[in-house]
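To be precise, the following lines are start-v4.cif, and they hold mmCIF, C-alpha atoms and all ligand atoms.
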```cif
data_model
loop_
_atom_site.group_PDB
_atom_site.id
_atom_site.type_symbol
_atom_site.label_atom_id
_atom_site.label_comp_id
_atom_site.auth_asym_id
_atom_site.auth_seq_id
_atom_site.Cartn_x
_atom_site.Cartn_y
_atom_site.Cartn_z
ATOM 1 C CA MET A 889 -73.158 76.262 159.010
ATOM 2 C CA GLN A 890 -76.120 77.888 160.747
ATOM 3 C CA LYS A 891 -78.151 75.379 162.698
ATOM 4 C CA LEU A 892 -81.743 75.428 161.430
ATOM 5 C CA SER A 893 -84.673 73.976 163.202
ATOM 6 C CA ALA A 894 -87.113 75.092 160.509
ATOM 7 C CA ASN A 895 -87.603 72.255 158.062
ATOM 8 C CA HIS A 896 -89.871 74.034 155.577
ATOM 9 C CA VAL A 897 -89.768 77.762 154.905
ATOM 10 C CA ALA A 898 -92.289 79.262 152.481
ATOM 11 C CA ILE A 899 -92.107 82.807 151.152
ATOM 12 C CA ILE A 900 -94.813 85.056 149.754
ATOM 13 C CA MET A 901 -92.571 87.235 147.604
ATOM 14 C CA ASP A 902 -94.524 90.464 147.484
ATOM 15 C CA GLY A 903 -93.856 94.111 146.646
ATOM 16 C CA ASN A 904 -91.978 94.001 143.328
ATOM 17 C CA GLY A 905 -94.289 96.493 141.639
ATOM 18 C CA ARG A 906 -94.423 99.007 144.487
ATOM 19 C CA TRP A 907 -90.655 98.828 144.966
ATOM 20 C CA ALA A 908 -90.078 99.667 141.307
ATOM 21 C CA GLN A 909 -92.767 102.311 141.006
ATOM 22 C CA SER A 910 -91.542 104.186 144.085
ATOM 23 C CA ARG A 911 -88.227 104.475 142.229
ATOM 24 C CA SER A 912 -89.895 105.630 138.995
ATOM 25 C CA HIS A 913 -89.274 102.309 137.276
ATOM 26 C CA SER A 914 -91.814 100.078 135.562
ATOM 27 C CA ARG A 915 -93.411 97.307 137.603
ATOM 28 C CA PHE A 916 -91.620 94.857 135.361
ATOM 29 C CA TYR A 917 -88.229 96.137 136.466
ATOM 30 C CA GLY A 918 -89.324 95.184 139.987
ATOM 31 C CA HIS A 919 -90.058 91.649 138.823
ATOM 32 C CA ILE A 920 -86.601 91.399 137.228
ATOM 33 C CA ARG A 921 -84.961 92.505 140.466
ATOM 34 C CA GLY A 922 -87.238 90.199 142.413
ATOM 35 C CA ALA A 923 -86.087 87.240 140.322
ATOM 36 C CA LYS A 924 -82.477 88.021 141.255
ATOM 37 C CA VAL A 925 -83.393 88.082 144.942
ATOM 38 C CA ALA A 926 -85.157 84.733 144.572
ATOM 39 C CA LYS A 927 -81.996 83.245 143.049
ATOM 40 C CA ASN A 928 -79.875 84.525 145.962
ATOM 41 C CA ILE A 929 -82.292 83.252 148.597
ATOM 42 C CA ILE A 930 -82.503 79.822 146.928
ATOM 43 C CA GLU A 931 -78.713 79.489 146.892
ATOM 44 C CA HIS A 932 -78.465 80.688 150.493
ATOM 45 C CA ALA A 933 -81.172 78.286 151.693
ATOM 46 C CA SER A 934 -79.402 75.467 149.907
ATOM 47 C CA SER A 935 -76.005 76.389 151.378
ATOM 48 C CA ILE A 936 -77.273 76.487 154.975
ATOM 49 C CA GLY A 937 -78.874 73.059 154.649
ATOM 50 C CA LEU A 938 -82.563 73.975 154.698
ATOM 51 C CA LYS A 939 -84.632 70.980 153.593
ATOM 52 C CA HIS A 940 -87.666 72.654 151.979
ATOM 53 C CA LEU A 941 -88.085 76.092 150.437
ATOM 54 C CA THR A 942 -91.342 77.044 148.737
ATOM 55 C CA LEU A 943 -91.664 80.290 146.811
ATOM 56 C CA PHE A 944 -95.081 81.721 145.987
ATOM 57 C CA ALA A 945 -94.316 83.289 142.642
ATOM 58 C CA PHE A 946 -97.666 83.583 140.842
ATOM 59 C CA SER A 947 -101.137 83.095 142.235
ATOM 60 C CA THR A 948 -104.333 81.954 140.540
ATOM 61 C CA GLU A 949 -105.624 85.485 141.079
ATOM 62 C CA ASN A 950 -102.544 87.004 139.414
ATOM 63 C CA TRP A 951 -103.982 85.840 136.059
ATOM 64 C CA PHE A 952 -106.393 88.773 136.409
ATOM 65 C CA ARG A 953 -103.555 91.310 136.128
ATOM 66 C CA PRO A 954 -103.138 93.315 132.913
ATOM 67 C CA VAL A 955 -102.320 91.011 129.992
ATOM 68 C CA GLU A 956 -98.974 92.747 129.345
ATOM 69 C CA GLU A 957 -97.806 92.202 132.927
ATOM 70 C CA VAL A 958 -98.807 88.532 132.883
ATOM 71 C CA SER A 959 -97.115 88.022 129.541
ATOM 72 C CA LEU A 960 -93.875 89.666 130.699
ATOM 73 C CA LEU A 961 -93.942 87.621 133.907
ATOM 74 C CA MET A 962 -94.253 84.413 131.890
ATOM 75 C CA LYS A 963 -91.328 85.460 129.681
ATOM 76 C CA LEU A 964 -89.233 86.221 132.762
ATOM 77 C CA LEU A 965 -90.163 82.891 134.296
ATOM 78 C CA LEU A 966 -89.107 81.046 131.157
ATOM 79 C CA LYS A 967 -85.820 82.938 130.959
ATOM 80 C CA GLN A 968 -84.978 82.275 134.619
ATOM 81 C CA MET A 969 -85.968 78.633 134.317
ATOM 82 C CA GLU A 970 -83.613 78.127 131.366
ATOM 83 C CA ARG A 971 -80.829 80.157 132.914
ATOM 84 C CA GLU A 972 -80.909 78.532 136.342
ATOM 85 C CA ARG A 973 -81.418 74.858 135.474
ATOM 86 C CA SER A 974 -77.716 74.030 135.488
ATOM 87 C CA ASN A 975 -77.316 75.774 138.867
ATOM 88 C CA LEU A 976 -80.120 73.681 140.329
ATOM 89 C CA VAL A 977 -78.370 70.550 139.117
ATOM 90 C CA LYS A 978 -74.966 71.750 140.343
ATOM 91 C CA ASN A 979 -76.308 72.701 143.786
ATOM 92 C CA ASN A 980 -78.050 69.334 144.277
ATOM 93 C CA ILE A 981 -81.465 71.073 144.453
ATOM 94 C CA GLN A 982 -84.587 69.038 143.730
ATOM 95 C CA PHE A 983 -87.093 71.186 141.870
ATOM 96 C CA HIS A 984 -90.895 70.940 142.052
ATOM 97 C CA CYS A 985 -93.901 73.059 141.110
ATOM 98 C CA ILE A 986 -97.387 73.211 142.567
ATOM 99 C CA GLY A 987 -100.415 74.920 141.064
ATOM 100 C CA GLU A 988 -102.534 74.762 137.924
ATOM 101 C CA LEU A 989 -99.525 74.298 135.687
ATOM 102 C CA HIS A 990 -101.655 73.482 132.619
ATOM 103 C CA ARG A 991 -102.629 77.161 132.541
ATOM 104 C CA LEU A 992 -99.014 78.244 131.971
ATOM 105 C CA PRO A 993 -97.770 78.821 128.399
ATOM 106 C CA PRO A 994 -96.618 75.502 126.839
ATOM 107 C CA ALA A 995 -92.998 76.667 126.616
ATOM 108 C CA VAL A 996 -92.976 77.434 130.356
ATOM 109 C CA GLN A 997 -94.518 74.051 131.134
ATOM 110 C CA ALA A 998 -91.904 72.299 129.020
ATOM 111 C CA SER A 999 -89.092 74.205 130.691
ATOM 112 C CA ILE A 1000 -90.442 73.425 134.170
ATOM 113 C CA ASN A 1001 -90.785 69.731 133.321
ATOM 114 C CA LYS A 1002 -87.210 69.652 132.088
ATOM 115 C CA SER A 1003 -85.962 71.108 135.390
ATOM 116 C CA ILE A 1004 -88.093 68.692 137.410
ATOM 117 C CA GLU A 1005 -86.777 65.755 135.384
ATOM 118 C CA GLN A 1006 -83.128 66.799 135.542
ATOM 119 C CA THR A 1007 -83.187 67.408 139.303
ATOM 120 C CA LYS A 1008 -85.358 64.495 140.423
ATOM 121 C CA ASP A 1009 -82.492 62.473 141.882
ATOM 122 C CA ASN A 1010 -80.957 65.419 143.735
ATOM 123 C CA THR A 1011 -80.873 65.032 147.494
ATOM 124 C CA GLY A 1012 -80.345 68.588 148.788
ATOM 125 C CA LEU A 1013 -82.836 71.430 149.122
ATOM 126 C CA VAL A 1014 -86.340 70.639 147.895
ATOM 127 C CA LEU A 1015 -87.299 73.813 146.047
ATOM 128 C CA THR A 1016 -90.948 74.273 145.121
ATOM 129 C CA PHE A 1017 -92.373 77.077 143.021
ATOM 130 C CA ALA A 1018 -96.048 77.806 143.597
ATOM 131 C CA LEU A 1019 -97.190 78.915 140.146
ATOM 132 C CA SER A 1020 -100.753 79.595 139.164
ATOM 133 C CA TYR A 1021 -101.315 78.332 142.685
ATOM 134 C CA SER A 1022 -104.000 78.994 145.242
ATOM 135 C CA GLY A 1023 -104.767 77.270 148.505
ATOM 136 C CA ARG A 1024 -108.437 76.934 147.617
ATOM 137 C CA GLN A 1025 -107.573 75.325 144.290
ATOM 138 C CA ASP A 1026 -105.225 72.921 146.109
ATOM 139 C CA LEU A 1027 -108.054 71.958 148.486
ATOM 140 C CA THR A 1028 -110.580 71.702 145.675
ATOM 141 C CA ALA A 1029 -108.313 69.263 143.833
ATOM 142 C CA ALA A 1030 -108.006 67.160 146.998
ATOM 143 C CA VAL A 1031 -111.765 67.057 147.523
ATOM 144 C CA ARG A 1032 -112.276 66.079 143.879
ATOM 145 C CA LEU A 1033 -109.767 63.235 144.218
ATOM 146 C CA LEU A 1034 -111.475 61.912 147.343
ATOM 147 C CA ALA A 1035 -114.903 62.213 145.680
ATOM 148 C CA GLU A 1036 -113.626 60.184 142.702
ATOM 149 C CA LYS A 1037 -112.360 57.490 145.064
ATOM 150 C CA ILE A 1038 -115.785 57.324 146.689
ATOM 151 C CA GLU A 1039 -117.425 57.123 143.260
ATOM 152 C CA ASN A 1040 -115.086 54.260 142.337
ATOM 153 C CA LYS A 1041 -115.878 52.548 145.654
ATOM 154 C CA GLU A 1042 -112.219 52.761 146.713
ATOM 155 C CA LEU A 1043 -113.148 54.854 149.733
ATOM 156 C CA GLN A 1044 -116.057 55.415 152.089
ATOM 157 C CA SER A 1045 -116.962 58.916 153.193
ATOM 158 C CA GLN A 1046 -116.651 57.965 156.898
ATOM 159 C CA GLU A 1047 -113.003 57.081 156.291
ATOM 160 C CA ILE A 1048 -112.103 60.669 155.387
ATOM 161 C CA ASN A 1049 -109.977 62.279 158.051
ATOM 162 C CA GLU A 1050 -107.420 65.087 158.178
ATOM 163 C CA GLN A 1051 -104.577 62.807 157.221
ATOM 164 C CA LEU A 1052 -106.379 61.489 154.129
ATOM 165 C CA LEU A 1053 -107.253 64.998 153.048
ATOM 166 C CA SER A 1054 -103.629 66.104 153.510
ATOM 167 C CA LEU A 1055 -102.458 63.171 151.426
ATOM 168 C CA ALA A 1056 -104.941 64.014 148.660
ATOM 169 C CA LEU A 1057 -103.558 67.529 148.211
ATOM 170 C CA PRO A 1058 -101.438 67.940 145.059
ATOM 171 C CA SER A 1059 -98.855 69.506 147.397
ATOM 172 C CA SER A 1060 -98.871 66.495 149.732
ATOM 173 C CA PHE A 1061 -95.203 65.723 149.076
ATOM 174 C CA LEU A 1062 -94.403 68.786 151.206
ATOM 175 C CA PRO A 1063 -94.509 68.918 154.990
ATOM 176 C CA ASP A 1064 -96.520 71.797 156.453
ATOM 177 C CA PRO A 1065 -94.467 74.999 156.414
ATOM 178 C CA ASP A 1066 -92.867 75.806 159.758
ATOM 179 C CA LEU A 1067 -92.342 79.414 158.789
ATOM 180 C CA ILE A 1068 -94.090 81.622 156.243
ATOM 181 C CA ILE A 1069 -92.326 84.846 155.369
ATOM 182 C CA ARG A 1070 -94.227 87.656 153.660
ATOM 183 C CA THR A 1071 -92.542 90.765 152.394
ATOM 184 C CA SER A 1072 -94.072 94.198 151.684
ATOM 185 C CA GLY A 1073 -95.790 94.536 155.063
ATOM 186 C CA GLU A 1074 -99.049 92.870 154.085
ATOM 187 C CA SER A 1075 -100.325 90.617 156.883
ATOM 188 C CA ARG A 1076 -102.346 88.208 154.787
ATOM 189 C CA LEU A 1077 -101.969 84.822 153.139
ATOM 190 C CA SER A 1078 -103.502 85.863 149.796
ATOM 191 C CA ASN A 1079 -104.793 82.320 149.242
ATOM 192 C CA PHE A 1080 -101.468 80.605 149.934
ATOM 193 C CA PHE A 1081 -101.230 77.259 151.778
ATOM 194 C CA LEU A 1082 -104.617 77.651 153.489
ATOM 195 C CA TRP A 1083 -104.698 74.111 154.844
ATOM 196 C CA GLN A 1084 -100.987 73.739 155.484
ATOM 197 C CA ALA A 1085 -100.557 77.046 157.343
ATOM 198 C CA ALA A 1086 -102.683 75.917 160.317
ATOM 199 C CA TYR A 1087 -99.724 76.142 162.703
ATOM 200 C CA SER A 1088 -97.105 77.946 160.653
ATOM 201 C CA GLU A 1089 -95.256 80.804 162.274
ATOM 202 C CA ILE A 1090 -95.776 83.919 160.182
ATOM 203 C CA TYR A 1091 -93.099 86.563 159.734
ATOM 204 C CA VAL A 1092 -94.093 89.795 158.020
ATOM 205 C CA THR A 1093 -91.413 92.267 157.061
ATOM 206 C CA PRO A 1094 -92.065 95.762 155.641
ATOM 207 C CA LYS A 1095 -89.225 95.243 153.163
ATOM 208 C CA MET A 1096 -90.307 94.889 149.553
ATOM 209 C CA TRP A 1097 -89.186 91.646 147.894
ATOM 210 C CA PRO A 1098 -86.498 93.251 145.648
ATOM 211 C CA GLU A 1099 -84.793 94.665 148.760
ATOM 212 C CA PHE A 1100 -85.018 91.467 150.837
ATOM 213 C CA THR A 1101 -81.508 90.329 151.775
ATOM 214 C CA LEU A 1102 -79.846 87.184 153.075
ATOM 215 C CA ASN A 1103 -79.680 88.952 156.458
ATOM 216 C CA ASP A 1104 -83.439 89.480 156.337
ATOM 217 C CA PHE A 1105 -83.856 85.781 155.662
ATOM 218 C CA ASN A 1106 -81.618 84.970 158.632
ATOM 219 C CA SER A 1107 -83.637 87.393 160.812
ATOM 220 C CA ALA A 1108 -86.795 85.517 159.880
ATOM 221 C CA ILE A 1109 -85.146 82.228 160.831
ATOM 222 C CA ASN A 1110 -83.998 83.737 164.142
ATOM 223 C CA TYR A 1111 -87.545 84.919 164.773
ATOM 224 C CA TYR A 1112 -88.778 81.397 164.101
ATOM 225 C CA GLN A 1113 -86.225 79.918 166.474
ATOM 226 C CA SER A 1114 -87.380 82.248 169.248
ATOM 227 C CA ARG A 1115 -91.013 81.168 169.020
ATOM 228 C CA GLU A 1116 -92.748 78.753 171.339
ATOM 229 C CA ARG A 1117 -94.833 76.405 169.238
ATOM 230 C CA ARG A 1118 -97.608 75.154 171.470
ATOM 231 C CA PHE A 1119 -99.998 73.522 168.989
ATOM 232 C CA GLY A 1120 -102.887 74.290 171.304
ATOM 233 C CA ARG A 1121 -101.183 73.030 174.477
ATOM 234 C CA THR A 1122 -100.169 75.172 177.421
ATOM 235 C CA SER A 1123 -96.685 76.566 177.745
ATOM 236 C CA HIS A 1124 -96.179 74.333 180.772
ATOM 237 C CA GLN A 1125 -97.018 71.225 178.740
ATOM 238 C CA VAL A 1126 -94.585 72.258 176.042
ATOM 239 C CA HIS A 1127 -91.791 72.730 178.583
ATOM 240 C CA GLU A 1128 -92.603 69.430 180.243
ATOM 241 C CA ARG A 1129 -91.947 67.666 176.986
ATOM 242 C CA LEU A 1130 -88.723 69.656 176.536
ATOM 243 C CA ASP A 1131 -88.689 68.825 172.866
ATOM 244 C CA SER A 1132 -91.659 70.689 171.370
ATOM 245 C CA SER A 1133 -90.907 69.146 167.975
ATOM 246 C CA ALA A 1134 -92.398 65.954 169.388
ATOM 247 C CA LEU A 1135 -95.823 67.617 169.345
ATOM 248 C CA PRO A 1136 -98.098 66.823 166.426
ATOM 249 C CA ASN A 1137 -98.407 69.765 164.112
ATOM 250 C CA ASN A 1138 -101.743 69.142 162.505
HETATM 251 C C1 LIG A 1201 -95.062 90.103 143.797
HETATM 252 O O1 LIG A 1201 -94.995 91.480 143.617
HETATM 253 C C2 LIG A 1201 -94.933 89.342 142.495
HETATM 254 C C3 LIG A 1201 -96.189 88.763 142.015
HETATM 255 C C4 LIG A 1201 -97.305 88.678 142.679
HETATM 256 C C5 LIG A 1201 -96.184 88.198 140.687
HETATM 257 P P1 LIG A 1201 -96.250 92.305 143.115
HETATM 258 O O2 LIG A 1201 -96.259 92.285 141.642
HETATM 259 O O3 LIG A 1201 -97.480 91.833 143.777
HETATM 260 O O4 LIG A 1201 -95.885 93.757 143.610
HETATM 261 P P2 LIG A 1201 -96.839 94.756 144.383
HETATM 262 O O5 LIG A 1201 -97.379 94.005 145.568
HETATM 263 O O6 LIG A 1201 -97.910 95.166 143.418
HETATM 264 O O7 LIG A 1201 -95.948 95.868 144.798
HETATM 265 C C1 LIG A 1202 -99.439 87.332 146.588
HETATM 266 O O1 LIG A 1202 -99.187 88.626 146.178
HETATM 267 C C2 LIG A 1202 -99.086 86.372 145.517
HETATM 268 C C3 LIG A 1202 -97.654 86.233 145.232
HETATM 269 C C4 LIG A 1202 -96.684 86.799 145.893
HETATM 270 C C5 LIG A 1202 -97.339 85.365 144.149
HETATM 271 P P1 LIG A 1202 -100.359 89.545 145.575
HETATM 272 O O2 LIG A 1202 -99.742 90.849 145.288
HETATM 273 O O3 LIG A 1202 -101.001 88.839 144.450
HETATM 274 O O4 LIG A 1202 -101.369 89.606 146.790
HETATM 275 P P2 LIG A 1202 -102.463 90.692 147.170
HETATM 276 O O5 LIG A 1202 -103.270 90.950 145.945
HETATM 277 O O6 LIG A 1202 -101.756 91.919 147.644
HETATM 278 O O7 LIG A 1202 -103.240 90.062 148.287
HETATM 279 MG MG MG A 1203 -98.430 92.295 145.512
#
```

With the file now loaded, output its structure as structure tokens.
Amino acid sequence: MQKLSANHVAIIMDGNGRWAQSRSHSRFYGHIRGAKVAKNIIEHASSIGLKHLTLFAFSTENWFRPVEEVSLLMKLLLKQMERERSNLVKNNIQFHCIGELHRLPPAVQASINKSIEQTKDNTGLVLTFALSYSGRQDLTAAVRLLAEKIENKELQSQEINEQLLSLALPSSFLPDPDLIIRTSGESRLSNFFLWQAAYSEIYVTPKMWPEFTLNDFNSAINYYQSRERRFGRTSHQVHERLDSSALPNN
């Protein structure tokens, strides 16, 4: 088994449409191929003992795409959800979703809830789909929760600190991502994990998501392992401590 030091890997799975169109296929064909890649990466991450894998599959802004594309994406999501549930159970994967799930079609919501329920006692990979998700929406929800607590006199504004804000995020069950992988060569977060990415290592590959392989995933992990995470300290300080994982990461 490959020894991983990354605890949480998050992936911005980008480039399905361009990959397909450059091969004279429809964008939707790219999404179908992308779904297959996601399945392979999930099973690989689970088999190598990664603790957390988060996949950014559909952003808040993606709702603005043409209606037909959104509708086909939702159908694909439902199909994959139904098809893969037994594999999640079998592979001891605990499934979660983050994002404005109430905006998803009811059938998709029901299917997601079924997978969450059936995998809740699993102890292996924690797999999270970011669906109808945006980092700003995540932060907005946290601020709203804290404001409600102040209104209800459960909290005073002076008590708010970074830790409380982190805990108020709907995604607070996840540790900050150690590594964020983005395919398709775009060097941007596109509204993903804005708060949590403060000290994430970012790996951008020119490969489009449908052509991303297990080897590419391993290369990203190797890249991560070669980094020096300083969290604002000097290199000397990091070496003095020997174990940089002892440094606070937010
Ligand atoms: C990523 O691929 C999948 C989603 C965002 C749903 P894209 O659909 O963004 O593909 P490109 O980036 O247009 O090629
Ligand atoms: C980011 O990809 C969102 C997902 C991968 C789900 P986009 O294709 O939506 O991002 P932009 O528009 O290129 O920034
Ligand atoms: Mg894209």

Nearest to ligand MG 1203 (chain A), chosen from A:Arg971, A:Lys927, A:Arg915, A:Lys1008, with all atoms listed in the file counted in the distances
A:Arg915

Neighbour list for Ile920 in chain A as a ChimeraX atom specification, cut-off 10 Å, only C-alpha atoms, skip fewer than 2 positions in-chain:
/A:904,908,915-918,922-925,960-961,964-965,968,1098

Where does the PyMOL selection byres (((not hetatm)) within 9 of (chain A and resi 1201)) land in this file, that is, which residues does it pick, as a PDB file with C-alpha atoms, in the coordinates of the input?
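Saved result, expr-v5.pdb, follows:
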```pdb
ATOM      1  CA  ILE A 900     -94.813  85.056 149.754  1.00  0.00           C
ATOM      2  CA  MET A 901     -92.571  87.235 147.604  1.00  0.00           C
ATOM      3  CA  ASP A 902     -94.524  90.464 147.484  1.00  0.00           C
ATOM      4  CA  GLY A 903     -93.856  94.111 146.646  1.00  0.00           C
ATOM      5  CA  ASN A 904     -91.978  94.001 143.328  1.00  0.00           C
ATOM      6  CA  GLY A 905     -94.289  96.493 141.639  1.00  0.00           C
ATOM      7  CA  ARG A 906     -94.423  99.007 144.487  1.00  0.00           C
ATOM      8  CA  TRP A 907     -90.655  98.828 144.966  1.00  0.00           C
ATOM      9  CA  ALA A 908     -90.078  99.667 141.307  1.00  0.00           C
ATOM     10  CA  GLN A 909     -92.767 102.311 141.006  1.00  0.00           C
ATOM     11  CA  ARG A 915     -93.411  97.307 137.603  1.00  0.00           C
ATOM     12  CA  PHE A 916     -91.620  94.857 135.361  1.00  0.00           C
ATOM     13  CA  GLY A 918     -89.324  95.184 139.987  1.00  0.00           C
ATOM     14  CA  HIS A 919     -90.058  91.649 138.823  1.00  0.00           C
ATOM     15  CA  GLY A 922     -87.238  90.199 142.413  1.00  0.00           C
ATOM     16  CA  PHE A 944     -95.081  81.721 145.987  1.00  0.00           C
ATOM     17  CA  ALA A 945     -94.316  83.289 142.642  1.00  0.00           C
ATOM     18  CA  PHE A 946     -97.666  83.583 140.842  1.00  0.00           C
ATOM     19  CA  SER A 947    -101.137  83.095 142.235  1.00  0.00           C
ATOM     20  CA  ASN A 950    -102.544  87.004 139.414  1.00  0.00           C
ATOM     21  CA  GLU A 957     -97.806  92.202 132.927  1.00  0.00           C
ATOM     22  CA  VAL A 958     -98.807  88.532 132.883  1.00  0.00           C
ATOM     23  CA  LEU A 961     -93.942  87.621 133.907  1.00  0.00           C
ATOM     24  CA  THR A1071     -92.542  90.765 152.394  1.00  0.00           C
ATOM     25  CA  SER A1072     -94.072  94.198 151.684  1.00  0.00           C
ATOM     26  CA  GLU A1074     -99.049  92.870 154.085  1.00  0.00           C
ATOM     27  CA  MET A1096     -90.307  94.889 149.553  1.00  0.00           C
ATOM     28  CA  TRP A1097     -89.186  91.646 147.894  1.00  0.00           C
ATOM     29  CA  PRO A1098     -86.498  93.251 145.648  1.00  0.00           C
TER      30      PRO A1098
END
```

Taking only C-alpha atoms into account, which of A:Asn1001, A:Thr1007, A:Gln1025, A:Asn895 comes nearest Leu1082 in chain A?
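Ranking A:Asn1001, A:Thr1007, A:Gln1025, A:Asn895 by distance to Leu1082 in chain A, first place goes to A:Gln1025.
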
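Here the PyMOL selection byres (((chain A and resi 995) around 12) and not hetatm) catches exactly these residues: Met962, Lys963, Leu964, Leu965, Leu966, Lys967, Met969, Glu970, Leu989, His990, Arg991, Leu992, Pro993, Pro994, Val996, Gln997, Ala998, Ser999, Ile1000, Asn1001 and Lys1002 of chain A.
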
File of the preceding selection, C-alpha atoms, as a compact mmCIF listing (two decimals), in the frame of the given file:
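Saved result, result.txt, follows:
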```txt
# COMPACT_ATOMS: atom_id res chain seq x y z
CA MET A 962 -94.25 84.41 131.89
CA LYS A 963 -91.33 85.46 129.68
CA LEU A 964 -89.23 86.22 132.76
CA LEU A 965 -90.16 82.89 134.30
CA LEU A 966 -89.11 81.05 131.16
CA LYS A 967 -85.82 82.94 130.96
CA MET A 969 -85.97 78.63 134.32
CA GLU A 970 -83.61 78.13 131.37
CA LEU A 989 -99.52 74.30 135.69
CA HIS A 990 -101.66 73.48 132.62
CA ARG A 991 -102.63 77.16 132.54
CA LEU A 992 -99.01 78.24 131.97
CA PRO A 993 -97.77 78.82 128.40
CA PRO A 994 -96.62 75.50 126.84
CA VAL A 996 -92.98 77.43 130.36
CA GLN A 997 -94.52 74.05 131.13
CA ALA A 998 -91.90 72.30 129.02
CA SER A 999 -89.09 74.20 130.69
CA ILE A 1000 -90.44 73.42 134.17
CA ASN A 1001 -90.78 69.73 133.32
CA LYS A 1002 -87.21 69.65 132.09
```
